[in-house]
>>> print(open('final-v7.cif').read())   # mmCIF, C-alpha atoms
data_work
loop_
_atom_site.label_atom_id
_atom_site.label_comp_id
_atom_site.auth_asym_id
_atom_site.auth_seq_id
_atom_site.Cartn_x
_atom_site.Cartn_y
_atom_site.Cartn_z
CA MET A 222 137.98 4.89 -24.08
CA ILE A 223 135.63 5.77 -21.21
CA VAL A 224 135.05 9.53 -21.11
CA ARG A 225 134.50 11.13 -17.71
CA LYS A 226 132.00 13.98 -17.73
CA SER A 227 132.45 17.24 -15.90
CA ALA A 228 129.78 18.48 -13.50
CA ALA A 229 128.62 20.88 -16.23
CA GLU A 230 128.30 18.03 -18.71
CA VAL A 231 126.37 15.88 -16.23
CA ALA A 232 124.00 18.82 -15.75
CA LYS A 233 123.43 18.96 -19.52
CA ILE A 234 122.66 15.23 -19.65
CA ALA A 235 120.32 15.70 -16.67
CA ALA A 236 118.47 18.45 -18.55
CA ALA A 237 117.92 16.04 -21.45
CA GLY A 238 116.90 13.45 -18.87
CA ASP A 239 114.23 15.73 -17.43
CA ILE A 240 112.55 15.98 -20.84
CA LEU A 241 112.86 12.24 -21.34
CA ALA A 242 111.43 11.38 -17.93
CA ASP A 243 108.39 13.58 -18.52
CA CYS A 244 107.97 12.12 -22.02
CA LEU A 245 107.87 8.58 -20.63
CA ASP A 246 105.32 9.58 -18.00
CA MET A 247 103.21 11.16 -20.76
CA LEU A 248 103.44 8.02 -22.90
CA ALA A 249 102.53 5.83 -19.93
CA ALA A 250 99.38 7.92 -19.46
CA GLU A 251 98.46 7.75 -23.17
CA ALA A 252 99.19 4.05 -23.78
CA ARG A 253 96.04 1.94 -23.61
CA PRO A 254 94.31 -0.83 -25.56
CA GLY A 255 93.44 0.36 -29.06
CA VAL A 256 96.25 2.92 -29.30
CA SER A 257 98.84 2.17 -31.98
CA THR A 258 102.58 2.33 -31.43
CA ALA A 259 102.69 4.87 -34.30
CA ASP A 260 100.33 7.07 -32.24
CA LEU A 261 102.74 6.91 -29.31
CA ASP A 262 105.69 7.69 -31.57
CA GLU A 263 103.98 10.81 -32.91
CA LEU A 264 103.13 11.96 -29.38
CA ALA A 265 106.71 11.43 -28.25
CA GLU A 266 108.28 13.38 -31.11
CA ARG A 267 105.88 16.28 -30.64
CA PHE A 268 106.52 16.34 -26.88
CA ILE A 269 110.32 16.21 -27.16
CA ARG A 270 110.50 18.93 -29.79
CA ALA A 271 108.08 21.16 -27.85
CA ARG A 272 110.52 21.03 -24.93
CA GLY A 273 113.44 22.01 -27.14
CA GLY A 274 114.94 18.54 -27.53
CA VAL A 275 115.57 16.24 -30.46
CA PRO A 276 114.45 12.57 -30.61
CA THR A 277 117.83 10.79 -30.56
CA PHE A 278 116.58 7.57 -32.13
CA LEU A 279 114.96 9.17 -35.20
CA GLY A 280 117.31 8.48 -38.10
CA TYR A 281 119.96 6.87 -35.88
CA ARG A 282 121.64 4.33 -38.17
CA GLY A 283 118.47 4.59 -40.25
CA PHE A 284 115.96 3.86 -37.47
CA PRO A 285 112.58 5.26 -38.59
CA GLY A 286 110.99 6.16 -35.23
CA SER A 287 111.40 8.52 -32.31
CA ILE A 288 110.78 5.67 -29.86
CA CYS A 289 111.28 1.92 -29.77
CA ALA A 290 107.99 0.17 -28.96
CA SER A 291 108.33 -3.55 -28.24
CA PRO A 292 105.26 -5.60 -27.22
CA ASN A 293 105.18 -8.91 -25.34
CA ASP A 294 107.94 -11.25 -26.62
CA MET A 295 109.76 -8.43 -28.41
CA VAL A 296 112.77 -7.49 -26.32
CA VAL A 297 113.91 -4.18 -27.85
CA HIS A 298 114.12 -2.02 -30.99
CA GLY A 299 110.51 -2.43 -32.08
CA ILE A 300 109.66 -0.04 -34.94
CA PRO A 301 106.53 2.02 -34.19
CA GLY A 302 103.75 1.32 -36.66
CA ALA A 303 100.31 -0.16 -37.09
CA TYR A 304 100.46 -2.47 -34.06
CA ARG A 305 97.60 -1.62 -31.70
CA ILE A 306 97.96 -2.30 -28.01
CA ALA A 307 95.68 -5.09 -26.78
CA GLU A 308 94.28 -5.85 -23.35
CA GLY A 309 96.79 -7.98 -21.45
CA ASP A 310 99.84 -6.81 -23.40
CA ILE A 311 103.06 -5.66 -21.89
CA LEU A 312 104.80 -2.93 -23.90
CA SER A 313 108.39 -1.74 -23.60
CA ILE A 314 109.00 1.87 -24.63
CA ASP A 315 112.57 3.09 -25.07
CA VAL A 316 113.30 6.78 -25.71
CA GLY A 317 116.39 8.90 -26.27
CA VAL A 318 116.53 12.70 -26.04
CA THR A 319 119.31 14.96 -27.27
CA LEU A 320 119.49 18.48 -25.84
CA ASP A 321 122.32 20.93 -26.53
CA GLY A 322 124.47 18.10 -27.86
CA TYR A 323 124.04 15.73 -24.90
CA VAL A 324 122.02 12.51 -24.80
CA ALA A 325 119.87 10.79 -22.18
CA ASP A 326 118.41 7.30 -22.66
CA SER A 327 115.68 5.53 -20.67
CA ALA A 328 113.05 2.79 -21.01
CA ILE A 329 110.00 1.43 -19.22
CA THR A 330 107.75 -1.58 -19.67
CA LEU A 331 104.02 -1.01 -19.17
CA SER A 332 101.22 -3.44 -18.38
CA MET A 333 98.04 -2.91 -20.36
CA GLY A 334 94.84 -3.67 -18.49
CA ALA A 335 94.36 -7.14 -17.02
CA VAL A 336 97.82 -8.70 -17.28
CA GLU A 337 98.76 -12.18 -16.06
CA ALA A 338 100.41 -12.37 -12.64
CA GLU A 339 103.61 -13.86 -14.06
CA ALA A 340 103.96 -10.93 -16.47
CA LEU A 341 103.57 -8.48 -13.60
CA ARG A 342 106.22 -10.39 -11.65
CA LEU A 343 108.54 -10.14 -14.65
CA LEU A 344 108.11 -6.35 -14.65
CA ASP A 345 108.70 -6.11 -10.90
CA VAL A 346 111.86 -8.23 -11.04
CA THR A 347 113.27 -6.28 -14.00
CA ARG A 348 112.69 -2.98 -12.19
CA GLU A 349 114.31 -4.41 -9.06
CA SER A 350 117.33 -5.60 -11.04
CA LEU A 351 117.79 -2.13 -12.52
CA GLU A 352 117.80 -0.57 -9.06
CA ALA A 353 120.30 -3.19 -7.89
CA GLY A 354 122.61 -2.23 -10.74
CA ILE A 355 122.17 1.49 -10.07
CA ALA A 356 123.14 0.97 -6.41
CA GLN A 357 126.62 -0.12 -7.57
CA CYS A 358 127.26 3.15 -9.44
CA HIS A 359 129.71 4.71 -7.01
CA GLU A 360 133.40 5.35 -7.27
CA GLY A 361 135.51 2.29 -6.48
CA ALA A 362 132.99 -0.36 -7.44
CA ARG A 363 133.88 -2.50 -10.43
CA LEU A 364 131.85 -2.84 -13.59
CA GLY A 365 131.41 -6.54 -12.82
CA ASP A 366 129.75 -5.61 -9.52
CA LEU A 367 127.05 -3.74 -11.44
CA SER A 368 126.54 -6.56 -13.95
CA HIS A 369 126.44 -9.22 -11.24
CA ALA A 370 123.92 -7.27 -9.15
CA VAL A 371 121.48 -7.28 -12.08
CA GLN A 372 122.04 -10.96 -12.84
CA GLU A 373 121.63 -12.02 -9.22
CA VAL A 374 118.17 -10.45 -8.88
CA VAL A 375 116.95 -11.80 -12.22
CA GLU A 376 118.15 -15.37 -11.85
CA ALA A 377 117.02 -15.65 -8.23
CA ALA A 378 113.51 -15.04 -9.58
CA GLY A 379 113.84 -17.77 -12.21
CA PHE A 380 114.13 -15.44 -15.21
CA SER A 381 116.98 -14.91 -17.72
CA VAL A 382 119.04 -11.86 -18.64
CA VAL A 383 119.58 -11.36 -22.36
CA ARG A 384 123.29 -11.98 -22.86
CA SER A 385 123.78 -10.72 -26.41
CA LEU A 386 122.61 -7.15 -25.65
CA VAL A 387 124.23 -4.70 -23.25
CA GLY A 388 123.94 -1.31 -21.60
CA HIS A 389 126.46 1.37 -22.46
CA GLY A 390 128.06 4.68 -21.67
CA VAL A 391 126.15 7.75 -22.85
CA GLY A 392 126.79 11.48 -23.19
CA ARG A 393 127.97 13.20 -26.35
CA GLU A 394 126.95 10.05 -28.22
CA MET A 395 124.13 7.61 -27.54
CA HIS A 396 126.51 4.67 -27.42
CA GLU A 397 129.84 5.22 -25.69
CA ASP A 398 132.20 2.99 -23.73
CA PRO A 399 131.93 0.98 -21.60
CA GLN A 400 129.64 -1.82 -22.65
CA ILE A 401 127.64 -3.03 -19.66
CA PRO A 402 126.53 -6.67 -19.70
CA ASN A 403 123.64 -7.64 -17.43
CA TYR A 404 125.60 -10.63 -16.12
CA GLY A 405 129.12 -11.13 -14.85
CA ASP A 406 131.41 -11.78 -11.94
CA PRO A 407 131.74 -9.35 -9.03
CA GLY A 408 135.14 -7.80 -8.47
CA ARG A 409 136.01 -7.90 -12.18
CA GLY A 410 136.37 -5.20 -14.81
CA PRO A 411 137.40 -1.54 -14.57
CA ARG A 412 136.77 0.47 -11.44
CA LEU A 413 133.94 2.98 -11.80
CA GLU A 414 134.98 6.61 -11.56
CA GLU A 415 133.05 9.73 -10.63
CA GLY A 416 131.88 11.39 -13.84
CA TRP A 417 131.11 8.21 -15.76
CA VAL A 418 127.58 8.34 -17.16
CA LEU A 419 126.00 4.96 -17.86
CA ALA A 420 122.80 3.75 -19.49
CA ILE A 421 121.95 0.71 -17.39
CA GLU A 422 119.28 -1.43 -19.03
CA PRO A 423 118.33 -4.91 -17.89
CA MET A 424 116.56 -6.85 -20.65
CA VAL A 425 114.92 -9.82 -18.98
CA ASN A 426 113.15 -12.82 -20.50
CA ALA A 427 110.62 -15.01 -18.75
CA GLY A 428 112.13 -17.99 -20.57
CA GLY A 429 115.61 -18.54 -21.98
CA HIS A 430 118.13 -15.82 -22.79
CA GLU A 431 118.29 -16.48 -26.53
CA VAL A 432 116.96 -13.83 -28.95
CA PHE A 433 116.70 -13.29 -32.71
CA VAL A 434 116.54 -10.30 -35.04
CA ALA A 435 113.46 -9.99 -37.26
CA ASP A 436 113.51 -9.47 -41.02
CA ASP A 437 113.08 -5.70 -40.51
CA GLY A 438 116.68 -5.67 -39.29
CA TRP A 439 115.76 -3.95 -36.02
CA SER A 440 113.26 -5.67 -33.76
CA ILE A 441 114.70 -8.33 -31.46
CA SER A 442 112.46 -10.97 -29.88
CA THR A 443 112.85 -13.90 -27.51
CA GLY A 444 113.90 -17.14 -29.15
CA ASP A 445 111.28 -19.20 -27.32
CA GLY A 446 108.34 -16.77 -27.57
CA SER A 447 108.41 -15.95 -23.85
CA LEU A 448 107.63 -12.47 -22.57
CA SER A 449 110.40 -9.91 -22.14
CA ALA A 450 110.72 -6.72 -20.08
CA HIS A 451 113.13 -3.79 -20.38
CA PHE A 452 113.83 -0.97 -17.94
CA GLU A 453 116.61 1.60 -18.31
CA HIS A 454 117.97 4.70 -16.61
CA THR A 455 120.83 7.05 -17.39
CA VAL A 456 122.98 7.23 -14.26
CA ALA A 457 125.96 9.38 -13.25
CA VAL A 458 128.53 7.59 -11.11
CA GLY A 459 129.12 9.53 -7.90
CA LYS A 460 131.94 9.51 -5.41
CA LYS A 461 129.72 7.88 -2.79
CA ALA A 462 126.33 7.37 -4.45
CA PRO A 463 124.75 7.33 -7.91
CA ARG A 464 122.67 10.12 -9.42
CA VAL A 465 119.83 8.95 -11.66
CA LEU A 466 119.43 11.50 -14.46
CA THR A 467 116.18 10.12 -15.92
CA ARG A 468 114.13 9.48 -12.79
CA ARG A 469 110.43 10.00 -13.56
CA ARG A 470 108.01 11.98 -11.43
CA SER A 471 105.82 8.85 -11.32
CA GLU A 472 108.68 7.12 -9.47
CA THR A 473 109.27 9.91 -6.97
CA GLY A 474 105.77 11.05 -6.07
CA GLY A 475 106.03 14.20 -8.20
CA ALA A 476 109.60 15.32 -7.56
CA GLN A 477 112.09 15.02 -10.41
CA GLY A 478 115.67 13.85 -10.26
#
>>> encode(input="final-v7.cif", output="structure tokens")
Amino acid sequence: MIVRKSAAEVAKIAAAGDILADCLDMLAAEARPGVSTADLDELAERFIRARGGVPTFLGYRGFPGSICASPNDMVVHGIPGAYRIAEGDILSIDVGVTLDGYVADSAITLSMGAVEAEALRLLDVTRESLEAGIAQCHEGARLGDLSHAVQEVVEAAGFSVVRSLVGHGVGREMHEDPQIPNYGDPGRGPRLEEGWVLAIEPMVNAGGHEVFVADDGWSISTGDGSLSAHFEHTVAVGKKAPRVLTRRRSETGGAQG
């Protein structure tokens, strides 16, 4: 069942999103070659708690970190630990924040130092596909319109969307209905309604779409060893236009929301 949120509930998710957006900007500033993903995890937990929030991921289904940190060919769900960022890496960081019982979820992929041009293109295309999906988040569009918009941008660039992982509704819980594939046919699926809140998250591989789960039971990597990028925003469906609840100041020239 897809739960519509009231304006007051959207405001609560947006408040969690403000903390999350600032946390991601902080992590982007702190991430550099030589820094470990455990270092970033510690910084994130301290930041979120200092702002009155709770790291949603910590302990979720047993996950041991406050963030997911996934380098290079790792798609998502990387456990923070001893891995130290290296020059030329790309690093996906996914964060959830719970505030007053409501959840926001967002992710970015960072380039570390001198990164190959194709890796930078992968990041640009993945960001563009996210914005294409967000643009469909208005009342009357269909869920397939959103999914197709992401797929169209990615495949036009020669990359692949991961098909076995999806975005999702978010609010009282981190994972709510509906599931949101990053591929599909336009004009299909339920009509979006004002008050839906969606975590839209293209996961894009430079090679094929196949992935595998590591022995740790969490981290998911590309099947062919190609690079992968991940960007995500929590978005409220509006009557005429979407409202991004996790927009970072770094995206807006200093303004939030």
>>> closest_residue(input="final-v7.cif", among="A:Ile314, A:Val224, A:Leu351, A:Ala450", to="Leu261 (chain A)", atoms="all atoms listed in the file")
A:Ile314
>>> resolve_selection(input="final-v7.cif", expression="the PyMOL selection byres ((chain A and resi 353) around 10)", output="MDAnalysis selection string")
chainID A and resid 347:352 354:358 366:374
>>> closest_atom_pairs(input="final-v7.cif", of="region 251-293 of chain A", to="region 435-449 of chain A", cutoff="8 Å", atoms="only C-alpha atoms", output="JSON lines")
{"residue": "A:Phe284", "atom": "CA", "partner": "A:Trp439", "partner_atom": "CA", "distance": 7.9}
{"residue": "A:Ser291", "atom": "CA", "partner": "A:Ser440", "partner_atom": "CA", "distance": 7.7}
{"residue": "A:Asn293", "atom": "CA", "partner": "A:Leu448", "partner_atom": "CA", "distance": 5.1}
>>> write_last_selection(input="final-v7.cif", atoms="C-alpha atoms", output="PDB file, keeping the file's coordinate frame")
ATOM      1  CA  PHE A 284     115.960   3.860 -37.470  1.00  0.00           C
ATOM      2  CA  SER A 291     108.330  -3.550 -28.240  1.00  0.00           C
ATOM      3  CA  ASN A 293     105.180  -8.910 -25.340  1.00  0.00           C
TER       4      ASN A 293
END
>>> resolve_selection(input="final-v7.cif", expression="the PyMOL selection byres ((chain A and resi 240) around 8)", output="PyMOL selection string")
chain A and resi 236-239+241-244+269+272+274+318
>>> atom_distance(input="final-v7.cif", atom1="CA of Ser471 (chain A)", atom2="CA of Asp246 (chain A)")
6.7 Å
>>> atom_distance(input="final-v7.cif", atom1="CA of Met222 (chain A)", atom2="CA of Asp398 (chain A)")
6.1 Å
>>> residues_around(input="final-v7.cif", residues="Ala328 (chain A)", least_positions_apart="3", cutoff="10 Å", atoms="all atoms listed in the file", output="PyMOL selection string")
chain A and resi 241-242+245+288-290+297+313-317+331+420-423+450-455+467
>>> closest_residue(input="final-v7.cif", among="A:Leu419, A:Gly361, A:Ala338, A:Leu312", to="Gly388 (chain A)", atoms="only C-alpha atoms")
A:Leu419
>>> closest_residue(input="final-v7.cif", among="A:Gly299, A:Phe278, A:Pro411, A:Phe268", to="Ser327 (chain A)", atoms="all atoms listed in the file")
A:Phe278
